[in-house]
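Structure data (compact mmCIF, C-alpha atoms and all ligand atoms) from final_25.txt:
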# COMPACT_ATOMS: atom_id res chain seq x y z
CA MET F 343 68.72 214.84 118.57
CA LEU F 344 65.68 215.22 120.84
CA ALA F 345 65.68 216.26 124.47
CA VAL F 346 62.44 216.85 126.34
CA HIS F 347 62.66 218.49 129.77
CA GLU F 348 59.84 218.34 132.32
CA LEU F 349 57.08 218.75 129.74
CA GLU F 350 53.59 219.59 131.02
CA VAL F 351 50.33 219.43 129.06
CA ARG F 352 46.94 220.35 130.48
CA TYR F 353 43.49 220.42 128.92
CA GLY F 354 41.59 222.56 131.38
CA ARG F 355 41.50 220.45 134.53
CA VAL F 356 42.92 217.34 132.85
CA HIS F 357 46.66 217.13 133.53
CA ALA F 358 47.63 214.83 130.63
CA VAL F 359 51.46 215.09 130.67
CA ARG F 360 53.18 215.61 134.03
CA GLY F 361 56.83 216.57 133.96
CA VAL F 362 57.92 214.14 131.24
CA SER F 363 61.63 214.14 130.35
CA LEU F 364 63.09 211.98 127.63
CA THR F 365 65.95 211.86 125.15
CA LEU F 366 66.53 210.30 121.76
CA ALA F 367 69.90 210.13 119.96
CA GLU F 368 70.32 210.15 116.19
CA GLY F 369 69.63 206.70 114.69
CA GLU F 370 67.79 205.43 117.79
CA VAL F 371 64.38 203.80 118.06
CA VAL F 372 62.84 204.88 121.37
CA ALA F 373 59.49 203.47 122.47
CA VAL F 374 56.91 205.24 124.61
CA LEU F 375 54.55 202.71 126.16
CA GLY F 376 51.45 203.11 128.26
CA ALA F 377 47.79 202.26 128.60
CA ASN F 378 44.85 204.23 127.17
CA GLY F 379 44.85 207.79 128.44
CA ALA F 380 48.46 207.65 129.72
CA GLY F 381 49.30 210.81 127.76
CA LYS F 382 51.23 209.30 124.84
CA SER F 383 49.44 211.15 122.03
CA SER F 384 49.39 214.37 124.07
CA LEU F 385 53.18 214.10 124.38
CA LEU F 386 53.62 213.64 120.61
CA ARG F 387 51.20 216.46 119.80
CA ALA F 388 53.08 218.76 122.17
CA LEU F 389 56.39 217.80 120.52
CA LEU F 390 54.94 218.79 117.15
CA GLY F 391 53.41 222.00 118.53
CA LEU F 392 49.81 220.93 117.94
CA THR F 393 49.16 221.24 121.67
CA ARG F 394 50.83 224.05 123.57
CA PRO F 395 52.65 222.73 126.62
CA CYS F 396 52.13 224.75 129.81
CA GLY F 397 55.63 223.97 131.07
CA GLY F 398 58.95 222.43 130.15
CA ALA F 399 61.14 222.60 127.07
CA VAL F 400 61.76 220.71 123.84
CA LEU F 401 65.18 220.72 122.18
CA PHE F 402 65.51 219.35 118.65
CA GLY F 403 68.92 219.16 117.00
CA GLY F 404 70.25 221.30 119.86
CA ARG F 405 67.77 224.14 119.29
CA ASP F 406 64.98 225.13 121.65
CA ILE F 407 61.81 224.62 119.56
CA THR F 408 59.37 224.87 122.49
CA ARG F 409 57.66 227.94 121.03
CA TRP F 410 58.05 227.20 117.34
CA PRO F 411 54.91 226.85 115.21
CA THR F 412 54.18 223.36 113.88
CA SER F 413 55.05 224.34 110.30
CA ALA F 414 58.60 225.33 111.31
CA ARG F 415 59.06 222.03 113.17
CA VAL F 416 57.91 220.06 110.13
CA ARG F 417 60.32 221.99 107.87
CA ASP F 418 63.03 221.17 110.40
CA GLY F 419 62.29 217.44 109.96
CA LEU F 420 60.05 216.60 112.91
CA ILE F 421 57.28 214.46 111.42
CA LEU F 422 54.28 212.76 113.03
CA VAL F 423 52.41 209.77 111.58
CA PRO F 424 49.28 210.34 113.65
CA GLU F 425 47.04 207.95 115.50
CA GLY F 426 44.27 206.68 113.24
CA ARG F 427 46.47 207.36 110.20
CA ARG F 428 44.50 210.41 108.99
CA ILE F 429 44.53 209.37 105.36
CA VAL F 430 42.27 211.51 103.15
CA MET F 431 39.94 208.84 101.81
CA THR F 432 38.56 210.92 98.93
CA LEU F 433 42.04 211.67 97.55
CA THR F 434 43.99 209.12 95.54
CA ILE F 435 46.93 207.22 96.95
CA GLN F 436 49.28 209.35 94.86
CA GLU F 437 47.66 212.58 96.15
CA ASN F 438 47.93 211.40 99.74
CA LEU F 439 51.65 210.74 99.22
CA LEU F 440 52.14 214.17 97.62
CA MET F 441 50.61 215.77 100.73
CA GLY F 442 53.67 214.59 102.66
CA ALA F 443 55.91 216.59 100.32
CA PHE F 444 53.83 219.78 100.30
CA HIS F 445 56.65 221.96 101.64
CA ARG F 446 59.30 220.63 99.24
CA ARG F 447 60.41 222.32 96.02
CA ASP F 448 62.74 219.53 94.80
CA HIS F 449 60.05 217.96 92.62
CA ARG F 450 62.39 215.53 90.87
CA ALA F 451 63.63 214.09 94.15
CA VAL F 452 60.01 213.81 95.35
CA ALA F 453 59.05 211.89 92.19
CA ALA F 454 62.02 209.53 92.70
CA GLU F 455 61.09 208.95 96.34
CA ILE F 456 57.46 208.24 95.39
CA ALA F 457 58.72 205.68 92.84
CA ASP F 458 60.82 204.17 95.64
CA ILE F 459 57.78 203.92 97.93
CA TYR F 460 55.83 202.20 95.15
CA ASP F 461 58.73 199.73 94.76
CA ARG F 462 58.56 199.01 98.46
CA PHE F 463 54.74 198.75 98.53
CA PRO F 464 53.42 197.13 95.35
CA HIS F 465 49.88 197.20 96.82
CA LEU F 466 50.00 201.00 96.76
CA ALA F 467 51.59 201.13 93.31
CA ALA F 468 48.87 199.06 91.69
CA ARG F 469 46.17 201.43 92.93
CA ARG F 470 47.99 204.75 92.89
CA HIS F 471 45.14 206.54 91.07
CA HIS F 472 42.34 205.02 93.15
CA PRO F 473 40.84 206.76 96.18
CA ALA F 474 42.59 205.77 99.40
CA SER F 475 39.29 204.33 100.67
CA VAL F 476 39.98 201.14 98.63
CA LEU F 477 42.97 200.28 100.85
CA SER F 478 42.90 197.83 103.75
CA GLY F 479 43.80 199.09 107.23
CA GLY F 480 47.36 197.81 106.92
CA GLU F 481 47.80 199.37 103.48
CA GLN F 482 46.49 202.68 104.85
CA GLN F 483 49.11 202.49 107.60
CA MET F 484 51.82 201.88 104.98
CA LEU F 485 50.47 204.88 103.04
CA ALA F 486 50.58 207.05 106.18
CA ILE F 487 54.19 206.01 106.81
CA GLY F 488 55.07 206.60 103.13
CA ARG F 489 53.51 210.07 103.35
CA GLY F 490 55.59 210.74 106.47
CA LEU F 491 58.77 209.62 104.71
CA LEU F 492 58.14 212.07 101.84
CA ALA F 493 58.45 214.90 104.34
CA ARG F 494 62.13 213.83 104.76
CA PRO F 495 61.93 213.27 108.51
CA ARG F 496 65.02 213.64 110.66
CA LEU F 497 62.85 212.24 113.42
CA MET F 498 59.74 210.24 112.62
CA MET F 499 57.16 209.98 115.42
CA LEU F 500 54.70 207.10 115.02
CA ASP F 501 51.52 207.08 117.11
CA GLU F 502 50.30 203.48 117.56
CA PRO F 503 51.04 202.28 114.03
CA SER F 504 49.74 198.76 114.79
CA LEU F 505 46.40 199.93 116.19
CA GLY F 506 43.47 197.99 114.75
CA LEU F 507 45.64 195.80 112.52
CA SER F 508 45.58 192.00 112.35
CA PRO F 509 48.69 190.27 113.77
CA LYS F 510 49.91 189.64 110.19
CA LEU F 511 49.54 193.30 109.15
CA SER F 512 51.10 194.55 112.40
CA ASN F 513 54.06 192.27 111.70
CA GLU F 514 54.45 193.92 108.31
CA VAL F 515 54.28 197.40 109.84
CA PHE F 516 56.85 196.52 112.53
CA ALA F 517 59.12 194.94 109.89
CA LEU F 518 58.92 198.15 107.86
CA ILE F 519 59.81 200.28 110.90
CA ARG F 520 62.77 198.01 111.65
CA ARG F 521 63.98 198.25 108.02
CA LEU F 522 63.69 202.04 107.98
CA ASN F 523 65.87 202.21 111.07
CA ARG F 524 68.42 199.53 110.18
CA GLU F 525 68.82 200.35 106.47
CA ASN F 526 68.27 204.12 106.38
CA GLY F 527 69.33 204.98 109.93
CA GLN F 528 65.93 206.61 110.44
CA SER F 529 65.49 207.97 113.99
CA ILE F 530 62.10 206.90 115.36
CA LEU F 531 59.99 207.76 118.39
CA LEU F 532 57.46 204.94 118.57
CA VAL F 533 54.30 205.15 120.68
CA GLU F 534 52.72 201.74 121.16
CA GLN F 535 50.39 199.76 123.38
CA ASN F 536 51.81 196.56 121.91
CA THR F 537 54.55 196.46 124.53
CA GLN F 538 56.16 193.23 123.42
CA ARG F 539 56.57 194.15 119.76
CA ALA F 540 57.70 197.69 120.54
CA LEU F 541 60.35 196.38 122.95
CA GLU F 542 61.68 194.04 120.26
CA LEU F 543 62.35 197.06 118.06
CA ALA F 544 63.42 199.75 120.47
CA GLY F 545 66.86 200.39 121.88
CA ARG F 546 65.30 202.12 124.90
CA ALA F 547 61.81 202.66 126.20
CA TYR F 548 59.79 204.86 128.54
CA VAL F 549 56.60 203.74 130.25
CA LEU F 550 53.99 206.42 130.93
CA GLU F 551 51.29 206.08 133.52
CA LEU F 552 48.78 208.88 134.13
CA GLY F 553 51.09 211.36 132.40
CA ARG F 554 54.26 210.42 134.31
CA VAL F 555 57.31 208.38 133.33
CA VAL F 556 57.23 205.43 135.73
CA MET F 557 59.95 203.30 134.09
CA GLU F 558 62.68 203.87 131.58
CA GLY F 559 65.67 202.02 130.20
CA ALA F 560 66.72 199.13 128.00
CA PRO F 561 63.97 196.72 126.88
CA GLU F 562 65.37 193.93 129.09
CA ARG F 563 65.02 196.17 132.10
CA ILE F 564 61.43 197.12 131.30
CA VAL F 565 60.52 193.45 130.79
CA ALA F 566 62.24 192.51 134.09
CA ASP F 567 60.39 195.30 135.93
CA HIS F 568 57.14 194.01 134.48
CA ALA F 569 57.96 190.49 135.66
CA LEU F 570 58.77 191.79 139.14
CA GLN F 571 55.49 193.61 139.36
CA ALA F 572 53.63 190.53 138.20
CA ALA F 573 55.35 188.48 140.91
CA TYR F 574 55.02 190.91 143.83
CA LEU F 575 52.00 193.03 143.00
CA GLY F 576 49.99 190.60 140.90
CA ARG F 577 49.88 193.16 138.14
CA GLY F 578 50.85 193.12 134.53
CA THR F 579 50.56 189.42 133.67
CA ALA F 580 47.21 189.66 131.89
CA GLU F 581 48.38 192.70 129.98
CA ARG F 582 51.56 191.01 128.85
CA ARG F 583 49.82 188.10 127.18
CA GLY F 584 48.92 188.21 123.47
CA GLY F 585 48.58 191.36 121.38
CA GLY F 586 47.50 194.87 122.39
CA GLN F 587 49.05 194.80 125.83
CA HIS F 588 48.97 197.74 128.19
CA ALA F 589 52.10 198.63 130.05
CA THR F 590 51.27 198.99 133.72
CA SER F 591 53.30 199.88 136.72
CA ALA F 592 53.03 200.81 140.35
CA SER F 593 53.53 204.56 140.74
N1 LIG F 601 41.69 217.61 123.42
C1 LIG F 601 41.53 217.14 124.66
N2 LIG F 601 40.75 217.79 125.56
C2 LIG F 601 40.60 217.32 126.82
N3 LIG F 601 41.20 216.21 127.30
C3 LIG F 601 42.00 215.54 126.45
C4 LIG F 601 42.20 215.95 125.10
N4 LIG F 601 43.05 215.07 124.50
C5 LIG F 601 43.34 214.14 125.43
N5 LIG F 601 42.72 214.42 126.60
C6 LIG F 601 42.84 213.66 127.86
O1 LIG F 601 44.22 213.61 128.21
C7 LIG F 601 44.56 212.32 128.71
C8 LIG F 601 45.68 211.73 127.85
O2 LIG F 601 45.16 211.46 126.55
P1 LIG F 601 46.07 210.96 125.37
O3 LIG F 601 45.24 210.95 124.13
O4 LIG F 601 47.33 211.71 125.35
O5 LIG F 601 46.37 209.44 125.84
P2 LIG F 601 47.03 208.24 125.07
O6 LIG F 601 48.09 207.70 125.96
O7 LIG F 601 47.43 208.64 123.71
O8 LIG F 601 45.83 207.18 125.01
P3 LIG F 601 45.44 206.13 123.87
O9 LIG F 601 46.37 204.97 124.02
O10 LIG F 601 44.03 205.76 124.20
O11 LIG F 601 45.56 206.79 122.52
C9 LIG F 601 43.29 211.52 128.72
O12 LIG F 601 42.74 211.60 130.00
C10 LIG F 601 42.41 212.22 127.71
O13 LIG F 601 41.06 212.07 128.01
MG MG F 602 46.87 208.05 121.84
Step by step, read the file and then write its structure as structure tokens.
Amino acid sequence: MLAVHELEVRYGRVHAVRGVSLTLAEGEVVAVLGANGAGKSSLLRALLGLTRPCGGAVLFGGRDITRWPTSARVRDGLILVPEGRRIVMTLTIQENLLMGAFHRRDHRAVAAEIADIYDRFPHLAARRHHPASVLSGGEQQMLAIGRGLLARPRLMMLDEPSLGLSPKLSNEVFALIRRLNRENGQSILLVEQNTQRALELAGRAYVLELGRVVMEGAPERIVADHALQAAYLGRGTAERRGGGQHATSAS
């Protein structure tokens, strides 16, 4: 479904993404892990066309979308739930959801899907006509994911959905992501710093460090590599304890 070849992103002299290649098959959850500044968000923004890569190629559904404008990618089903959620606080919950469906003309189906989201998230339903600012952080994250779903994603990219949430709320967000994948077969590219939780969900993972892929494979393999590094290099143990871990690796 998604194949990224040797992608490069630069901001002036900052080389944020350095020859990243990755793949994702239909129905997969693939995690991209890495510490602050590793290039995770830059990678997602380049995949959506918000940042123009200076090298490499992106294939989506077998087509080369490297030079497509963002709007065409969204219409083709490539959807990003951005870092920091980007909810419009002055709009109501219902209006925020409708934003996700802005390019759709099948209004009846949209209304049915909104009803479905309200069934899933009673907290949103009860306050549908209130400004989004009344929602808690976790509820805002649910709203951002609901808005993403209304765009009918073939591939949903989530940028640190658990960021800033309490352990209880992150559990709810991870449970929702798992349900979307298991029950609806939703393909998901999940960027996370919470290595442990992301590896519980993902079928495969990539670890980025300073813009490069330094590890990839099945979750067990990533965990084992981490353990090895902790044993031989004295790295990684602190990061692997508790929530909000950073994936680290020798390069
Ligand atoms: N618009 C920009 N202009 C200049 N430099 C940028 C810009 N956006 C990101 N960078 C730099 O690119 C590098 C990668 O940033 P990016 O946001 O992709 O990291 P990240 O892995 O998402 O980090 P975090 O976990 O903190 O969100 C960093 O050094 C960052 O300072
Ligand atoms: Mg980021």
Within 8 Å of ligand MG 602 (chain F): each chain F residue with its shortest pair, all atoms listed in the file, as JSON lines:
{"residue": "F:Asn378", "atom": "CA", "partner": "F:MG602", "partner_atom": "MG", "distance": 6.9}
{"residue": "F:Gly379", "atom": "CA", "partner": "F:MG602", "partner_atom": "MG", "distance": 6.9}
{"residue": "F:Gly381", "atom": "CA", "partner": "F:MG602", "partner_atom": "MG", "distance": 7.0}
{"residue": "F:Lys382", "atom": "CA", "partner": "F:MG602", "partner_atom": "MG", "distance": 5.4}
{"residue": "F:Ser383", "atom": "CA", "partner": "F:MG602", "partner_atom": "MG", "distance": 4.0}
{"residue": "F:Ser384", "atom": "CA", "partner": "F:MG602", "partner_atom": "MG", "distance": 7.2}
{"residue": "F:Glu425", "atom": "CA", "partner": "F:MG602", "partner_atom": "MG", "distance": 6.3}
{"residue": "F:Asp501", "atom": "CA", "partner": "F:MG602", "partner_atom": "MG", "distance": 6.7}
{"residue": "F:Glu502", "atom": "CA", "partner": "F:MG602", "partner_atom": "MG", "distance": 7.1}
Measuring atom to atom with all atoms listed in the file, identify which of F:Asn513, F:Thr537, F:Thr365, F:Thr432 is nearest to ligand LIG 601 (chain F).
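Distance minimum relative to ligand LIG 601 (chain F) lands on F:Thr537.
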Compute the distance from (56.2, 222.1, 127.8) to each atom, counting only C-alpha atoms, keep the residues with any atom at most 7 Å away, and return them as a VMD selection string; use the coordinates of the file.
chain F and resid 348 to 351 395 to 400 408
Could you list, as an NGL selection string, all residues that come within 12 Å of ligand LIG 601 (chain F)? Count all atoms listed in the file.
:F and (350-360 or 374-389 or 392-394 or 424-426 or 500-506 or 532-537 or 549-555 or 586-589)
Export of the given selection (C-alpha atoms) as an mmCIF file, in the frame of the given file:
data_model
loop_
_atom_site.group_PDB
_atom_site.id
_atom_site.type_symbol
_atom_site.label_atom_id
_atom_site.label_comp_id
_atom_site.auth_asym_id
_atom_site.auth_seq_id
_atom_site.Cartn_x
_atom_site.Cartn_y
_atom_site.Cartn_z
ATOM 1 C CA GLU F 350 53.590 219.590 131.020
ATOM 2 C CA VAL F 351 50.330 219.430 129.060
ATOM 3 C CA ARG F 352 46.940 220.350 130.480
ATOM 4 C CA TYR F 353 43.490 220.420 128.920
ATOM 5 C CA GLY F 354 41.590 222.560 131.380
ATOM 6 C CA ARG F 355 41.500 220.450 134.530
ATOM 7 C CA VAL F 356 42.920 217.340 132.850
ATOM 8 C CA HIS F 357 46.660 217.130 133.530
ATOM 9 C CA ALA F 358 47.630 214.830 130.630
ATOM 10 C CA VAL F 359 51.460 215.090 130.670
ATOM 11 C CA ARG F 360 53.180 215.610 134.030
ATOM 12 C CA VAL F 374 56.910 205.240 124.610
ATOM 13 C CA LEU F 375 54.550 202.710 126.160
ATOM 14 C CA GLY F 376 51.450 203.110 128.260
ATOM 15 C CA ALA F 377 47.790 202.260 128.600
ATOM 16 C CA ASN F 378 44.850 204.230 127.170
ATOM 17 C CA GLY F 379 44.850 207.790 128.440
ATOM 18 C CA ALA F 380 48.460 207.650 129.720
ATOM 19 C CA GLY F 381 49.300 210.810 127.760
ATOM 20 C CA LYS F 382 51.230 209.300 124.840
ATOM 21 C CA SER F 383 49.440 211.150 122.030
ATOM 22 C CA SER F 384 49.390 214.370 124.070
ATOM 23 C CA LEU F 385 53.180 214.100 124.380
ATOM 24 C CA LEU F 386 53.620 213.640 120.610
ATOM 25 C CA ARG F 387 51.200 216.460 119.800
ATOM 26 C CA ALA F 388 53.080 218.760 122.170
ATOM 27 C CA LEU F 389 56.390 217.800 120.520
ATOM 28 C CA LEU F 392 49.810 220.930 117.940
ATOM 29 C CA THR F 393 49.160 221.240 121.670
ATOM 30 C CA ARG F 394 50.830 224.050 123.570
ATOM 31 C CA PRO F 424 49.280 210.340 113.650
ATOM 32 C CA GLU F 425 47.040 207.950 115.500
ATOM 33 C CA GLY F 426 44.270 206.680 113.240
ATOM 34 C CA LEU F 500 54.700 207.100 115.020
ATOM 35 C CA ASP F 501 51.520 207.080 117.110
ATOM 36 C CA GLU F 502 50.300 203.480 117.560
ATOM 37 C CA PRO F 503 51.040 202.280 114.030
ATOM 38 C CA SER F 504 49.740 198.760 114.790
ATOM 39 C CA LEU F 505 46.400 199.930 116.190
ATOM 40 C CA GLY F 506 43.470 197.990 114.750
ATOM 41 C CA LEU F 532 57.460 204.940 118.570
ATOM 42 C CA VAL F 533 54.300 205.150 120.680
ATOM 43 C CA GLU F 534 52.720 201.740 121.160
ATOM 44 C CA GLN F 535 50.390 199.760 123.380
ATOM 45 C CA ASN F 536 51.810 196.560 121.910
ATOM 46 C CA THR F 537 54.550 196.460 124.530
ATOM 47 C CA VAL F 549 56.600 203.740 130.250
ATOM 48 C CA LEU F 550 53.990 206.420 130.930
ATOM 49 C CA GLU F 551 51.290 206.080 133.520
ATOM 50 C CA LEU F 552 48.780 208.880 134.130
ATOM 51 C CA GLY F 553 51.090 211.360 132.400
ATOM 52 C CA ARG F 554 54.260 210.420 134.310
ATOM 53 C CA VAL F 555 57.310 208.380 133.330
ATOM 54 C CA GLY F 586 47.500 194.870 122.390
ATOM 55 C CA GLN F 587 49.050 194.800 125.830
ATOM 56 C CA HIS F 588 48.970 197.740 128.190
ATOM 57 C CA ALA F 589 52.100 198.630 130.050
#
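Nearest-residue note for Phe402 of chain F: choosing from F:Ser508, F:Gln482, F:Leu364, F:Leu439, the minimum distance belongs to F:Leu364, counting only C-alpha atoms.
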May I ask which of the residues F:Leu492, F:Ala345, F:Ala560, F:Met431 is the closest one to Ala454 of chain F, counting only C-alpha atoms?
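Closest candidate: F:Leu492.
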Can you work out which one of F:Gly490, F:Gly404, F:Pro473, F:Pro561 has the shortest atom-to-atom distance to Ala540 of chain F, counting only C-alpha atoms?
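Closest to Ala540 of chain F, using only C-alpha atoms: F:Pro561.
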Closest to Ile429 of chain F among F:Ser413, F:Gln483, F:Ser363, F:Ser478, using all atoms listed in the file?
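Of the candidates, the smallest distance to Ile429 of chain F is held by F:Gln483.
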Pairwise distance for atom CA of Gly442 of chain F and atom CA of Glu370 of chain F, rounded to one decimal in Å
22.6 Å
For Gly545 of chain F: contacts at 12 Å, only C-alpha atoms, fewer than 6 positions along chain excluded, given as a PyMOL selection string:
chain F and resi 365-374+520+523-524+529-532+558-564
Could you tell me how far atom CA of Ile435 of chain F lies from atom CA of Arg417 of chain F, in Å and to one decimal?
22.7 Å
Around all the atoms of segment 421-437 of chain F listed in the file, with 5 Å of room on each side, what axis-aligned box do you get, giving centre and edge lengths in Å to one decimal, as AutoDock Vina command-line options?
--center_x 47.9 --center_y 210.6 --center_z 105.2 --size_x 28.7 --size_y 17.8 --size_z 30.6
Atomic distance atom CA of Arg450 of chain F - atom CA of Val515 of chain F, expressed in Å with one decimal:
27.5 Å
Given the point (56.7, 202.0, 94.2) in the file's coordinates, find the residues that have an atom at most 12 Å from it, counting all atoms listed in the file, and give them as a list in words.
Ile435, Gln436, Leu439, Ala453, Ala454, Glu455, Ile456, Ala457, Asp458, Ile459, Tyr460, Asp461, Arg462, Phe463, Pro464, His465, Leu466, Ala467, Ala468, Arg469, Arg470, Met484, Leu485 and Gly488 of chain F
Between F:Leu440, F:Val346, F:Val416, F:Val556, which one has atoms that come closest to Pro495 of chain F, using only C-alpha atoms?
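Using only C-alpha atoms, the shortest distance to Pro495 of chain F belongs to F:Val416.
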